[in-house]
Structures are given as C-alpha cells and as structure tokens.
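Asks: The following block contains the structure, expressed as structure tokens.
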Amino acid sequence: MSIRIKGFIENSLIEWPGNIVSIIFLPHCNLRCPYCHATHLVKNPNELECIPLESVIERIRQNKSWLDGVVISGGELTLHSDIDSLISIFKEMGLRVRIDTNGTNPHIVEGFIRRGLVDCVAMDIKAPLNEEKYRKAAGGYCDLLEIEKSIRLIMESGIEYEFRTTVCPAFLDGSDIVEIAQSIAGSSKYVLQAFRPNNCLDDTMLKVVPYSEEEMAGFAREAQRFVKNCYVRGEEVKVLSSNW
Ligand code: SF4
C-alpha cells in the first residue's frame, strides 16, 4: 500500500459523537480553501514525517476491543488510489469507518458506499452552489455538478452522514447559509463550524473577524427551517424546529 499517513490521534471521544475513534490524517488536497487549518497537509505534505502505516494499523488492532471506529480525514482521502485497501483492513477488524471528504470525487465515495466500506460520510459544503462563490471559498475552481452528485448520493445512501460548512465571514453570510441549507433540504444533519483566524492556509484570513456565537446560532436557526437538525459544532446545542 502506498498510502502515507501524516497524522494519527489514537483515541477521541468527540470527533464522531457516540463513538470512540482513532483519527488518521492523509496528505494532499485538490482544493485550497483560504481558511483551511490543515495547512501542513495541503501545502507541503512531503516535508512532513510519515507515521509508519504498519504501526498505525497495529495500534488500532491492539485497541479494537474498546474502539468503535476509525475516522479517515485529511487533506482529501479520495485522492489516494489504494485507500479502499486501508479501509478494508479496519472493516475486517469489525470497526466502523467514517470518511471526511470535500465532495469533489463522488464516484469514489459512491464506490465506498456501494461496497459497504463506510458507515458514515462527513462532507464539507464550502458555499452556495454558485460558481463564483464556491471558487472563492474553495480557493479555486470546483466542478459543482460533482458537488451536487455527492450531495444526492450521500443523502440517498441510507448510511449516517453529515454536511458541514465553515462559516468564514470573508466568503459567507447568513443568506448563503440559508441557500446551502436549501440545497440539502431534508437532510438529517447540517453542522456549522466557526471560522478561527489562526494557522490558515492564506495569511490574509488572519485579519478576518469571526462571527459571534450569537450570529452563528442565528444562522443555525435559519438553516434549521430546511434540514432536520442544524447546530453549531462545539456548542452541542440542538436548534429545534417547529417544521419537523
Ligand atoms: S479545508 Fe479545503 S483545503 Fe483544507 S483539507 Fe479541507 S478541502 Fe482541502
């Protein structure tokens, strides 16, 4: 297997609510979101030391009696051609697997779902499905047809999923969040993540003032009109809707 692992967290109680998981971070990404915090994985991944794949697999095997699953994050995992071999190893251990993706490669995610390799998909939605807005928030061109395909296949997959958006004031306002929520109308979970002006891919983001907690909560309330559950990550506050 040619996969290079660049980060490993042995156990987390909060990454996948309800599950105790290990988290694996893979290098490289096909997007360049200016607010991205995985700068090291995206910009200069080859300069980072690799964590030996065998030792990560062995550690997870040793812990499998009390682990529920593994989260594979990045970077963008769909860029790695033999990622399914790695996922299969964890599935054979009886562990649940969540993948984090930016939704640019729906055919790969579809293959994982069809083959029963993943139990949960977390997909970023960077902006409303509008060429100009998406290009700015994703840091470059993004094929919106592929993003839409990913949204539909995930919603129709029958497995657990979440959509999420980092709400950076440089690119998104409340009406954009509503527009995104409308494009995933009826979905079971939409999570808003606060933008944090530190360690960003683009240094100009360091000057951007984040939305307040109140503003974020207001965005979640508005988005809640279109999805079954929308909340701001980290606050554990469920915004209940009279519509559902
Ligand atoms: S935030 Fe954007 S650039 Fe960073 S890993 Fe995710 S998709 Fe890639």
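Identifiers in this document derive from the order of the structure tokens: chains are assigned A, B, ..., residues are numbered from 1 separately in each chain, and ligands are numbered from 1 in order of occurrence.
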Taking only C-alpha atoms and all ligand atoms into account, which residues are within 12 Å of ligand 1, as an NGL selection string?
Replies: :A and (25-43 or 45 or 72-79 or 100-105 or 122-127 or 134-140 or 142 or 164-168 or 193 or 195 or 199-202)
Asks: Go ahead and save the residues from that selection, with C-alpha atoms, as a PDB file, in the first residue's frame.
Replies:
ATOM      1  CA  PHE A  25      -4.849  12.244   8.617  1.00  0.00           C
ATOM      2  CA  LEU A  26      -3.793  11.836   4.999  1.00  0.00           C
ATOM      3  CA  PRO A  27      -1.827  14.389   2.961  1.00  0.00           C
ATOM      4  CA  HIS A  28      -2.761  16.357  -0.194  1.00  0.00           C
ATOM      5  CA  CYS A  29      -5.909  18.144  -1.220  1.00  0.00           C
ATOM      6  CA  ASN A  30      -7.288  19.268  -4.567  1.00  0.00           C
ATOM      7  CA  LEU A  31      -8.798  22.433  -3.039  1.00  0.00           C
ATOM      8  CA  ARG A  32      -7.145  25.433  -1.383  1.00  0.00           C
ATOM      9  CA  CYS A  33      -9.736  26.845   0.992  1.00  0.00           C
ATOM     10  CA  PRO A  34      -8.081  30.043   2.313  1.00  0.00           C
ATOM     11  CA  TYR A  35      -9.292  29.369   5.897  1.00  0.00           C
ATOM     12  CA  CYS A  36      -8.072  25.733   5.924  1.00  0.00           C
ATOM     13  CA  HIS A  37      -6.290  24.736   9.157  1.00  0.00           C
ATOM     14  CA  ALA A  38      -4.653  21.647   7.654  1.00  0.00           C
ATOM     15  CA  THR A  39      -2.004  23.880   6.081  1.00  0.00           C
ATOM     16  CA  HIS A  40       0.812  21.373   6.610  1.00  0.00           C
ATOM     17  CA  LEU A  41      -1.184  18.565   4.950  1.00  0.00           C
ATOM     18  CA  VAL A  42      -2.183  20.689   1.973  1.00  0.00           C
ATOM     19  CA  LYS A  43       0.826  22.928   1.243  1.00  0.00           C
ATOM     20  CA  PRO A  45       2.846  17.388   2.833  1.00  0.00           C
ATOM     21  CA  ILE A  72     -10.122   8.983   7.923  1.00  0.00           C
ATOM     22  CA  SER A  73      -9.554  12.669   7.343  1.00  0.00           C
ATOM     23  CA  GLY A  74      -7.102  14.912   5.555  1.00  0.00           C
ATOM     24  CA  GLY A  75      -6.442  16.535   3.236  1.00  0.00           C
ATOM     25  CA  GLU A  76      -8.724  14.712   0.838  1.00  0.00           C
ATOM     26  CA  LEU A  77      -8.790  10.932   1.091  1.00  0.00           C
ATOM     27  CA  THR A  78     -10.330  10.323  -2.353  1.00  0.00           C
ATOM     28  CA  LEU A  79      -7.025  11.377  -3.940  1.00  0.00           C
ATOM     29  CA  ASP A 100     -14.294  13.138   5.671  1.00  0.00           C
ATOM     30  CA  THR A 101     -14.452  14.473   2.108  1.00  0.00           C
ATOM     31  CA  ASN A 102     -14.830  17.695   0.178  1.00  0.00           C
ATOM     32  CA  GLY A 103     -17.237  16.001  -2.228  1.00  0.00           C
ATOM     33  CA  THR A 104     -15.208  16.568  -5.398  1.00  0.00           C
ATOM     34  CA  ASN A 105     -14.957  12.856  -6.275  1.00  0.00           C
ATOM     35  CA  ALA A 122     -18.956  13.779   6.506  1.00  0.00           C
ATOM     36  CA  MET A 123     -18.928  16.178   3.557  1.00  0.00           C
ATOM     37  CA  ASP A 124     -17.880  19.825   3.503  1.00  0.00           C
ATOM     38  CA  ILE A 125     -20.055  22.217   1.562  1.00  0.00           C
ATOM     39  CA  LYS A 126     -17.937  25.297   1.056  1.00  0.00           C
ATOM     40  CA  ALA A 127     -20.513  27.778  -0.241  1.00  0.00           C
ATOM     41  CA  TYR A 134     -17.679  28.289  -4.482  1.00  0.00           C
ATOM     42  CA  ARG A 135     -14.469  29.213  -6.299  1.00  0.00           C
ATOM     43  CA  LYS A 136     -13.681  31.865  -3.698  1.00  0.00           C
ATOM     44  CA  ALA A 137     -14.453  29.733  -0.650  1.00  0.00           C
ATOM     45  CA  ALA A 138     -12.685  26.652  -2.056  1.00  0.00           C
ATOM     46  CA  GLY A 139      -9.660  28.626  -3.249  1.00  0.00           C
ATOM     47  CA  GLY A 140     -10.028  27.534  -6.872  1.00  0.00           C
ATOM     48  CA  CYS A 142     -14.611  23.305  -8.314  1.00  0.00           C
ATOM     49  CA  ARG A 164     -20.834  20.852   7.265  1.00  0.00           C
ATOM     50  CA  THR A 165     -19.754  24.356   6.453  1.00  0.00           C
ATOM     51  CA  THR A 166     -17.020  26.522   7.915  1.00  0.00           C
ATOM     52  CA  VAL A 167     -18.665  29.913   8.182  1.00  0.00           C
ATOM     53  CA  CYS A 168     -15.910  32.356   7.263  1.00  0.00           C
ATOM     54  CA  GLN A 193     -18.293  25.307  12.128  1.00  0.00           C
ATOM     55  CA  PHE A 195     -14.131  30.145  11.417  1.00  0.00           C
ATOM     56  CA  ASN A 199      -2.913  28.810  11.177  1.00  0.00           C
ATOM     57  CA  CYS A 200      -4.853  29.465   7.966  1.00  0.00           C
ATOM     58  CA  LEU A 201      -3.680  28.451   4.509  1.00  0.00           C
ATOM     59  CA  ASP A 202      -3.976  32.075   3.374  1.00  0.00           C
TER      60      ASP A 202
END
Asks: Would you return as a ChimeraX atom specification the members of stretch 7-159 of chain A that DSSP assigns to strand (DSSP E or B) on this structure's backbone?
Replies: /A:7-16,19-25,51,69-73,96-101,120-124
Asks: Next, the residues of the selection above should be written as a PDB file, in the first residue's frame with C-alpha atoms.
Replies:
ATOM      1  CA  GLY A   7      -1.166  12.371  11.415  1.00  0.00           C
ATOM      2  CA  PHE A   8      -2.676   9.960  13.923  1.00  0.00           C
ATOM      3  CA  ILE A   9      -4.800  10.516  17.021  1.00  0.00           C
ATOM      4  CA  GLU A  10      -5.122   7.284  18.914  1.00  0.00           C
ATOM      5  CA  ASN A  11      -8.453   7.986  20.536  1.00  0.00           C
ATOM      6  CA  SER A  12     -11.096  10.660  20.520  1.00  0.00           C
ATOM      7  CA  LEU A  13     -14.443  10.764  22.289  1.00  0.00           C
ATOM      8  CA  ILE A  14     -15.697  13.851  20.477  1.00  0.00           C
ATOM      9  CA  GLU A  15     -14.738  13.513  16.802  1.00  0.00           C
ATOM     10  CA  TRP A  16     -17.625  11.190  15.898  1.00  0.00           C
ATOM     11  CA  ASN A  19     -18.192   6.657  19.024  1.00  0.00           C
ATOM     12  CA  ILE A  20     -14.701   6.235  20.436  1.00  0.00           C
ATOM     13  CA  VAL A  21     -12.459   6.538  17.404  1.00  0.00           C
ATOM     14  CA  SER A  22      -8.935   6.765  16.139  1.00  0.00           C
ATOM     15  CA  ILE A  23      -8.301   9.502  13.574  1.00  0.00           C
ATOM     16  CA  ILE A  24      -5.970   9.189  10.605  1.00  0.00           C
ATOM     17  CA  PHE A  25      -4.849  12.244   8.617  1.00  0.00           C
ATOM     18  CA  ILE A  51       3.919   7.755  10.568  1.00  0.00           C
ATOM     19  CA  GLY A  69     -14.303   3.049  14.705  1.00  0.00           C
ATOM     20  CA  VAL A  70     -11.804   4.965  12.659  1.00  0.00           C
ATOM     21  CA  VAL A  71     -12.176   8.396  11.060  1.00  0.00           C
ATOM     22  CA  ILE A  72     -10.122   8.983   7.923  1.00  0.00           C
ATOM     23  CA  SER A  73      -9.554  12.669   7.343  1.00  0.00           C
ATOM     24  CA  ARG A  96     -16.938   1.398  11.901  1.00  0.00           C
ATOM     25  CA  VAL A  97     -15.404   3.839   9.408  1.00  0.00           C
ATOM     26  CA  ARG A  98     -16.197   7.475   8.759  1.00  0.00           C
ATOM     27  CA  ILE A  99     -14.643   9.363   5.873  1.00  0.00           C
ATOM     28  CA  ASP A 100     -14.294  13.138   5.671  1.00  0.00           C
ATOM     29  CA  THR A 101     -14.452  14.473   2.108  1.00  0.00           C
ATOM     30  CA  CYS A 120     -20.635   7.448   7.784  1.00  0.00           C
ATOM     31  CA  VAL A 121     -19.670  10.227   5.372  1.00  0.00           C
ATOM     32  CA  ALA A 122     -18.956  13.779   6.506  1.00  0.00           C
ATOM     33  CA  MET A 123     -18.928  16.178   3.557  1.00  0.00           C
ATOM     34  CA  ASP A 124     -17.880  19.825   3.503  1.00  0.00           C
TER      35      ASP A 124
END
Asks: Name the residues in contact with A:Asp173 at a cut-off of 12 Å, using only C-alpha atoms, excluding same-chain residues fewer than 6 positions from it; report them as number ranges by chain.
Replies: A: 127-128, 133, 137, 165-167, 179-180, 210-211, 215-216, 218-220, 222-223
Asks: With C-alpha atoms retained, could you export that selection as a short mmCIF file (atom, residue, chain, number, x, y, z; two decimals), in the first residue's frame?
Replies:
data_model
loop_
_atom_site.label_atom_id
_atom_site.label_comp_id
_atom_site.auth_asym_id
_atom_site.auth_seq_id
_atom_site.Cartn_x
_atom_site.Cartn_y
_atom_site.Cartn_z
CA ALA A 127 -20.51 27.78 -0.24
CA PRO A 128 -23.84 28.03 -2.05
CA LYS A 133 -18.93 31.87 -4.51
CA ALA A 137 -14.45 29.73 -0.65
CA THR A 165 -19.75 24.36 6.45
CA THR A 166 -17.02 26.52 7.92
CA VAL A 167 -18.67 29.91 8.18
CA GLU A 179 -29.01 28.88 0.41
CA ILE A 180 -26.75 25.97 1.29
CA PRO A 210 -15.13 35.60 13.09
CA TYR A 211 -18.89 35.72 13.55
CA GLU A 215 -24.59 35.26 14.97
CA MET A 216 -23.65 31.61 14.42
CA GLY A 218 -28.86 32.73 14.38
CA PHE A 219 -27.52 31.18 11.16
CA ALA A 220 -28.25 27.71 12.57
CA GLU A 222 -32.40 29.96 9.91
CA ALA A 223 -30.86 26.85 8.30
#
Asks: Mind listing the helix (DSSP H, G or I) residues of stretch 16-167 of chain A, per DSSP on the backbone, as a PyMOL selection string?
Replies: chain A and resi 39-42+45-47+53-63+77-79+83-92+106-114+131-138+144-155
Asks: Between A:Ser187, A:Ser85, A:Gln62, A:Lys6, single out the one closest to A:Leu48, counting only C-alpha atoms.
Replies: A:Lys6
Asks: Please report the interatomic distance between atom CA of A:Glu162 and atom CA of A:Gly111 in Å with one decimal.
Replies: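 Taking atom CA of A:Glu162 as the start and atom CA of A:Gly111 as the end point, the length is 18.2 Å.
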